[in-house]
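Peer 1: Have a look at the structure that comes next, please.
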Number of protein chains: 2
Amino acid sequence: MRMDTHLLRTFVAVLDHRSFSGAAKALGYTQSAVSQHVAALEADLGARLVERRPVAPTPAGARLLEHAPALLLRLDAARADVARLHHAQPAHLTLACSAAALTGTIARALAQLRAATPLLDLDVRVQAREAVIEEVLTARADLGLVDGVAAPSDPLPLPDLGPTTTLAAAEQPLAVLFPTDHPLARRRSVRLTDLTQAQWIDAPDTAVPLDRIRAVCRTEGFRPRVRHRGTDLHGLAALAAAGLGLAALPLPLAATLPGVTAVPADEPRLVHRTELVHTAHPTEPARQLVDLIAGRTATAQ
Amino acid sequence: MRMDTHLLRTFVAVLDHRSFSGAAKALGYTQSAVSQHVAALEADLGARLVERRPVAPTPAGARLLEHAPALLLRLDAARADVARLHHAQPAHLTLACSAAALTGTIARALAQLRAATPLLDLDVRVQAREAVIEEVLTARADLGLVDGVAAPSDPLPLPDLGPTTTLAAAEQPLAVLFPTDHPLARRRSVRLTDLTQAQWIDAPDTAVPLDRIRAVCRTEGFRPRVRHRGTDLHGLAALAAAGLGLAALPLPLAATLPGVTAVPADEPRLVHRTELVHTAHPTEPARQLVDLIAGRTATAQ
DNA sequence: ATACATTACGAAGAGCGTAAGCATG
DNA sequence: CATGCTTACGCTCTTCGTAATGTAT
């Protein structure tokens with residue numbers, strides 16, 4: 001009767017699955033238990049939270065849904081943070097990256113770290129941006145690398161998922177991928193503002209998400225007709241090379257992709273930025289890598 | 001057995017009171033129940049969390065203690081946010097302010113709001129900075145005003161207590177309070193960096209906290225011999241006028257205090273900043289006040 | 001010896017599953 | 001009428017308080 005965590009968990013699951021029975025199966029409860037959980041939560045908060053048949057959040061439920069997932073994540077983060085103290089693997093480092101964040105600079109820093117401690121076990125996992133922070137918070141990764149676009153020397157607007165520290169790891173020019181035979185591919189640079197009506201590929205987990213570009217350019221343009229899920233850079237390059245649409249990536253990375261030409265983007269003045277994300281108490285190897293990258297870029301925040 | 005909220009609550013209470021029995025009394029449990037709560041939490045996390053006799057956090061407990069209060073606050077915030085939907089008082093606005101945040105500009109905006117909706121009930125409460133955000137999150141206040149110092153047009157570094165939106169409400173020059181007969185009182189301006197070794201009063205809930213000044217000036221100076229608690233501006237002025245020490249306040253406000261002379265501070269270039277804090281869904285009168293202040297300053301973030 | 005935490009134990013209650021009810025498409 | 005949420009009910013496990021036990025200052 002006091003907004004217990006398992007009630008919140010099933011509440012979220014119910015609305016995720018848009019079904020009581022689905023949530024029950026997912027959580028290993030019976031339908032009945034789930035029903036009772038929701039009822040208990042509703043009784044506690046004194047408001048109906050979910051509309052049944054079809055299952056959907058009421059206004060109050062929607063409000064709670066703005067808080068609940070973050071709460072549960074932070075709960076896991078707290079547990080993970082305590083667990084880290086005991087199961088500290090001194091010779092292990094797992095790094096969660098978004099696709100365009102794993103560049104030469106980072107790889108060289110990793111090599112340097114490996115040279116310093118040869119026995120170090122390295123795990124690198126590339127995944128969607130939101131997942132990176134979550135992995136760091138729940139200690140499934142020791143360190144995260146998130147990329148995105150922002151005005152020069154501005155921080156990335158990371159979602160407030162929990163208590164993390166961020167540090168600028170790299171700033172690179174932003175580029176647009178054109179098929180090599182595209183008329184604009186020969187330009188020295190292009191204006192993003194001239195491309196609002198162009199055909200774009202939205203590849204939020206690989207390239208810069210279009211809604212980020214929209215936000216930064218303060219425009220309603222950049223409407224995609226092609227969507228690309230996953231973190232597969234070369235697949236995205238193939239789509240772009242085939243003329244299916246444009247995509248934005250950091251210039252040094254984009255220049256290495258086959259079949260496409262990377263043209264620097266300006267107007268508005270934007271950079272592709274990579275940030276290192278870690279918790280308040282990184283493991284020893286993680287701390288070393290942070291130092292290496294921070295020392296290299298000397299752009300602490 | 002799954003890190004339930006009430007376990008966390010008693011865990012925090014135990015370490016707050018540095019005593020099981022004290023926490024028990026505070027929470028309305030028996031000693032025994034508290035003991036069982038702590039034991040359950042320790043069993044769940046697989047680590048000893050508190051050292052008994054004397055009661056103190058173990059390393060793992062300290063780690064958990066970095067998360068638990070924030071978690072509990074966010075839990076209350078979530079509950080409050082849902083409750084707000086129902087118990088919305090359309091003709092009521094309560095405003096939580098830190099001491100130096102409630103200035104003429106704000107008062108005039110309030111007057112304007114009152115003129116627009118004459119039936120509006122206004123509650124204004126002045127309190128410590130940390131309490132302001134907490135009050136907003138838990139819906140004990142509809143809107144918060146927090147003041148502090150920062151580099152010009154930088155945001156204040158507010159503690160990450162929960163999901164809030166902030167908005168610059170005012171930026172004013174920073175001033176140092178001198179007794180009127182002080183040799184430096186006749187100066188046009190003073191350098192803060194020249195005053196690191198001076199006698200300061202630390203009045204964290206009224207003036208700018210000294211540790212903030214230290215952080216911003218990147219120095220170890222500004223060590224106080226006098227501490228002042230509470231939010232009593234005139235009391236602080238009296239101490240400063242009596243020569244007990246210096247204090248930093250926004251210039252327009254400082255200039256109105258009796259017995260002291262306010263001298264603008266520069267070097268490093270700092271401003272006194274006031275920020276408006278509200279949740280994602282302010283009440284209607286709160287939204288109006290935000291608009292009034294935002295329109296007036298036109299410095300949205 | 002005296003606080004004060006822990007352990008033992010029984011009673012009250014919370015939580016889950018089974019199964020019967022009931023509404024909606 | 002069938003799918004899927006709700007309610008009734010009983011069993012079990014949890015959680016609390018009382019009281020006895022342990023343990024440091």
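Ligands are numbered from 1 in the order shown, chains are lettered A, B, ... in the order of the structure tokens, and residues start at 1 in each chain.
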Write out as a list in words each polymer residue whose atoms come within 10 Å of D:DA24, counting only C-alpha atoms (C1' of nucleotides); drop sequence neighbours fewer than 6 positions from it.
Peer 2: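 Everything that qualifies: Arg52, Arg53 and Pro54 of chain B; DA3, DC4 and DA5 of chain C.
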Peer 1: How about saving the chosen residues, all heavy atoms kept, as a short mmCIF file (atom, residue, chain, number, x, y, z; two decimals), in the first residue's frame?
Peer 2:
```cif
data_model
loop_
_atom_site.label_atom_id
_atom_site.label_comp_id
_atom_site.auth_asym_id
_atom_site.auth_seq_id
_atom_site.Cartn_x
_atom_site.Cartn_y
_atom_site.Cartn_z
N ARG B 52 27.34 -1.75 13.42
CA ARG B 52 26.58 -1.42 14.65
C ARG B 52 27.57 -1.07 15.75
O ARG B 52 28.69 -1.58 15.77
CB ARG B 52 25.79 -2.61 15.16
CG ARG B 52 25.13 -3.60 14.24
CD ARG B 52 24.35 -3.25 13.16
NE ARG B 52 24.46 -3.80 11.83
CZ ARG B 52 23.62 -4.59 11.24
NH1 ARG B 52 22.64 -5.10 11.90
NH2 ARG B 52 23.74 -4.91 9.98
N ARG B 53 27.10 -0.21 16.59
CA ARG B 53 27.85 0.00 17.83
C ARG B 53 29.27 0.44 17.58
O ARG B 53 30.17 -0.35 17.78
CB ARG B 53 27.83 -1.34 18.59
CG ARG B 53 27.81 -1.29 20.03
CD ARG B 53 27.76 -2.72 20.54
NE ARG B 53 26.41 -3.19 20.78
CZ ARG B 53 25.63 -2.72 21.74
NH1 ARG B 53 26.04 -1.76 22.50
NH2 ARG B 53 24.45 -3.23 21.92
N PRO B 54 29.58 1.61 17.14
CA PRO B 54 28.55 2.61 16.86
C PRO B 54 27.94 2.40 15.49
O PRO B 54 28.57 1.82 14.62
CB PRO B 54 29.34 3.92 16.90
CG PRO B 54 30.71 3.54 16.46
CD PRO B 54 30.94 2.13 16.92
P DA C 3 20.77 3.07 31.19
OP1 DA C 3 21.58 4.17 31.70
OP2 DA C 3 19.54 2.59 31.85
"O5'" DA C 3 20.34 3.45 29.69
"C5'" DA C 3 20.29 2.43 28.77
"C4'" DA C 3 21.35 2.61 27.70
"O4'" DA C 3 22.28 1.50 27.81
"C3'" DA C 3 20.75 2.56 26.31
"O3'" DA C 3 21.49 3.39 25.45
"C2'" DA C 3 20.86 1.09 25.94
"C1'" DA C 3 22.07 0.60 26.73
N9 DA C 3 21.83 -0.74 27.28
C8 DA C 3 20.88 -1.10 28.22
N7 DA C 3 20.89 -2.38 28.52
C5 DA C 3 21.91 -2.91 27.74
C6 DA C 3 22.44 -4.20 27.60
N6 DA C 3 21.97 -5.25 28.27
N1 DA C 3 23.46 -4.37 26.71
C2 DA C 3 23.93 -3.32 26.05
N3 DA C 3 23.53 -2.03 26.10
C4 DA C 3 22.51 -1.90 26.98
P DC C 4 20.78 3.87 24.11
OP1 DC C 4 21.57 4.98 23.54
OP2 DC C 4 19.35 4.02 24.42
"O5'" DC C 4 20.94 2.61 23.15
"C5'" DC C 4 22.24 2.08 22.92
"C4'" DC C 4 22.12 0.75 22.21
"O4'" DC C 4 21.95 -0.33 23.17
"C3'" DC C 4 20.93 0.66 21.26
"O3'" DC C 4 21.39 0.16 20.04
"C2'" DC C 4 20.01 -0.35 21.95
"C1'" DC C 4 21.06 -1.24 22.59
N1 DC C 4 20.56 -2.14 23.66
C2 DC C 4 21.08 -3.44 23.76
O2 DC C 4 21.97 -3.78 22.98
N3 DC C 4 20.59 -4.28 24.72
C4 DC C 4 19.64 -3.86 25.54
N4 DC C 4 19.20 -4.71 26.47
C5 DC C 4 19.08 -2.54 25.45
C6 DC C 4 19.56 -1.72 24.50
P DA C 5 20.56 0.28 18.71
OP1 DA C 5 21.15 1.31 17.86
OP2 DA C 5 19.13 0.36 19.07
"O5'" DA C 5 20.85 -1.14 18.07
"C5'" DA C 5 22.16 -1.48 17.70
"C4'" DA C 5 22.31 -2.98 17.68
"O4'" DA C 5 21.94 -3.50 18.98
"C3'" DA C 5 21.45 -3.69 16.65
"O3'" DA C 5 22.25 -4.60 15.91
"C2'" DA C 5 20.40 -4.43 17.48
"C1'" DA C 5 21.09 -4.62 18.82
N9 DA C 5 20.14 -4.61 19.93
C8 DA C 5 19.39 -3.57 20.36
N7 DA C 5 18.61 -3.85 21.38
C5 DA C 5 18.87 -5.18 21.63
C6 DA C 5 18.37 -6.09 22.58
N6 DA C 5 17.45 -5.76 23.49
N1 DA C 5 18.84 -7.35 22.56
C2 DA C 5 19.76 -7.68 21.63
N3 DA C 5 20.31 -6.91 20.69
C4 DA C 5 19.82 -5.67 20.75
#
```
Peer 1: Considering only C-alpha atoms (C1' of nucleotides), give me a table of residues in chain D that are at most 8 Å from chain A, with the closest atom pair and distance in Å for each, as a Markdown table.
Peer 2:
```
| residue | atom | partner | partner_atom | distance |
| --- | --- | --- | --- | --- |
| D:DG4 | C1' | A:Ser21 | CA | 7.6 |
| D:DC5 | C1' | A:Ser35 | CA | 7.3 |
| D:DT6 | C1' | A:Ser35 | CA | 7.4 |
```
Peer 1: So which residues touch B:Ala128 within 12 Å, counting only C-alpha atoms (C1' of nucleotides), skipping near sequence neighbours fewer than 3 positions away, as number ranges by chain?
Peer 2: B: 96-101, 125, 131-135, 144-148, 203-209, 229-232
Peer 1: Taking only C-alpha atoms into account and nothing else, which residues of chain A lie no more than 12 Å away from chain B? Please answer as an MDAnalysis selection string.
Peer 2: chainID A and resid 1:9 41:42 44:49 58:87 137 154 159:165 279:281
Peer 1: Could you build a table of the residues in chain C lying no more than 9 Å from chain A, giving for each the nearest pair of atoms and their separation in Å rounded to one decimal place, using only C-alpha atoms (C1' of nucleotides), ordered by chain and ascending residue number, as CSV?
Peer 2:
```
residue,atom,partner,partner_atom,distance
C:DG15,C1',A:Ala33,CA,8.1
C:DC16,C1',A:Ala33,CA,6.4
C:DG17,C1',A:Thr30,CA,7.2
C:DT24,C1',A:Arg53,CA,7.4
```
Peer 1: Rounded to one decimal place, report the atom CA of A:Thr105-atom CA of A:Ala247 distance in Å.
Peer 2: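 About the pair atom CA of A:Thr105 and atom CA of A:Ala247: they are 22.1 Å apart.
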Peer 1: Within stretch 78-165 of chain B, find each residue whose DSSP state, derived from the backbone, is helix (DSSP H, G or I), and express the selection as JSON, numbers by chain.
Peer 2: {"B": [78, 79, 80, 81, 82, 83, 84, 85, 86, 99, 100, 101, 104, 105, 106, 107, 108, 109, 110, 111, 112, 113, 114, 115, 116, 129, 130, 131, 132, 133, 134, 135, 136, 137]}
Peer 1: Between B:Cys217, B:Leu276, B:Ala238, B:Val124, which one has atoms that come closest to B:Thr193, using only C-alpha atoms?
Peer 2: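 Of B:Cys217, B:Leu276, B:Ala238, B:Val124, the one nearest B:Thr193, counting only C-alpha atoms, is B:Cys217.
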